[in-house]
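Everything below concerns the one structure shown next.
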Amino acid sequence: MATGTSNVLELTPQEAHRSADLGIELAGKYASPEDPRLLFDLPFLAAMLPERTRKFLRAFALEEEHGHCVLRGHRIDTGRIGPTPEHWRARARPAAEFPEEILLLLYGAVIGEPFGWSTQQDGRLVHDVFPIRKHEHEQLGTGSSELLTWHTEDAFHPYRGDYLLLSALRNPDDVATTIGELDLDALAPEHVEVLFRKRFHIAPDESHLPKNNSAGDHEESAKRFATIERLINDREPVAVLYGSRSGPYMRLDPYFMETPEDDPQARAALEAVTRALDRSLGEVALRQGDVLCVNNHLAVHGRVPFRARYDGTDRWLKRVNVTSDLRKSREMRALAGSRLIG
């Protein structure tokens, strides 16, 4: 993907077959997405992906010309993966869609290191994203009826991912993912200056709370969510913009953000950048077999509302977080080789 080219890669039939066969082959060799052998082998296995795929993802990560890209044309065996589940809890591990999960992890290994959260979906490395009953009106990936407000993934966390991968196993209603990128020229210089300063507070989103994970031993559960509790109770001020002044990165989750009551400049700047991103927002309706990669520093994402049927035919995505530097989160990982933060 050279400079100036499209951010969409359409797989050839041969590439699609090769990728699908690779996922199936590897699913027979490893125990689950969390298998330590698989996680160790990922960079070597990724070399077996089609060359165009690897070069496309590598260029996307290095050039930062686009805030997102799409790989299109993967083969999904709907008979094998079965209907959209009702909940991620108590699902067999590995699941029938393990080959598709492996493929997503391989893509993650091309651009960095896949990782997970001990406080999300019980520490699973690959998350399920589908509508869940009683989540209809929640600001969660498992919601449906309400607009999922655009945001930086895990914006509250100092060790949030650099990339987010979303793979569409099923999306018959063309439910769109929203994507927005900042046009710096849309902001007044005084707002830009304030946004570069640590004057904003971001709370954890509700996917990290105990109520959206399985109940466990009280002592274990308290330890598991201790960091989240600290981030809720002791919110350190953060900057919205950082990095290059001419092409800054951003960190935003307006639904969970606030500014001090005595800082009207910060409030005005937050409102200005929110309006600018609202105007930039576009939609990507992932087709079955599409993989979306979002640069979590350059783009925000969300989801339009839709009516869930809960009949096994609803939209079903897989989600993986990727970091360019696993080492930076060592203080929040139990072991150096662990991929779980929390």
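Labels used: A, B, ... for chains in the order of the structure tokens, numbers from 1 for residues in each chain, and numbers from 1 for ligands as shown.
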query = What lies within 7 Å of A:Arg199 using only C-alpha atoms, ignoring chain neighbours under 6 positions off, as a list in words?
reply = Pro237, Val238, Ala239, Thr259 and Ala266 of chain A
message = If DSSP is run on the backbone, what residues of stretch 21-160 of chain A are alpha helix (DSSP H)? A reply as a ChimeraX atom specification would be ideal.
response = /A:21-27,36-46,51-63,78-81,98-111
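Of the residues under consideration (A:Pro305, A:Gly247, A:Gly108, A:Pro114), A:Gly108 shows the shortest atom-to-atom contact distance to A:Leu292 when counting only C-alpha atoms.
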ask   = What gap, in Å, lies between atom CA of A:Arg287 and atom CA of A:His301?
value =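 Interatomic distance here is 16.8 Å.
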message = I need the strand (DSSP E or B) residues of stretch 39-231 of chain A per DSSP on the backbone, written as a ChimeraX atom specification.
response = /A:68-72,113-117,127-129,148-151,163-170,176-181,200-202
Residue subset to file, keeping C-alpha atoms, as a CSV table (one decimal), in the first residue's frame:
```csv
chain,number,residue,atom,x,y,z
A,68,HIS,CA,-8.6,2.8,9.2
A,69,CYS,CA,-8.3,0.1,6.5
A,70,VAL,CA,-10.4,-2.8,5.4
A,71,LEU,CA,-9.4,-6.3,4.1
A,72,ARG,CA,-12.3,-7.6,2.1
A,113,GLU,CA,1.1,-7.8,19.7
A,114,PRO,CA,-2.5,-8.9,20.4
A,115,PHE,CA,-3.5,-8.5,24.0
A,116,GLY,CA,-6.6,-8.6,26.2
A,117,TRP,CA,-8.0,-7.2,29.5
A,127,HIS,CA,-14.0,-10.8,22.0
A,128,ASP,CA,-17.4,-11.5,20.7
A,129,VAL,CA,-19.4,-8.5,19.5
A,148,LEU,CA,-22.8,3.5,20.3
A,149,THR,CA,-21.2,6.9,20.7
A,150,TRP,CA,-17.9,7.3,18.8
A,151,HIS,CA,-14.8,6.9,21.0
A,163,TYR,CA,-5.0,-0.8,16.9
A,164,LEU,CA,-8.4,-2.4,17.0
A,165,LEU,CA,-9.3,-5.3,14.7
A,166,LEU,CA,-12.9,-6.2,13.9
A,167,SER,CA,-13.8,-9.2,11.8
A,168,ALA,CA,-17.4,-9.6,10.4
A,169,LEU,CA,-18.6,-13.2,10.7
A,170,ARG,CA,-22.2,-12.0,9.9
A,176,ALA,CA,-22.6,0.3,10.1
A,177,THR,CA,-19.5,1.0,12.1
A,178,THR,CA,-18.9,4.8,12.4
A,179,ILE,CA,-15.4,6.1,11.8
A,180,GLY,CA,-14.2,9.7,12.3
A,181,GLU,CA,-10.8,11.3,11.8
A,200,PHE,CA,-9.6,16.4,30.9
A,201,HIS,CA,-10.9,13.4,32.8
A,202,ILE,CA,-12.0,10.0,31.2
```
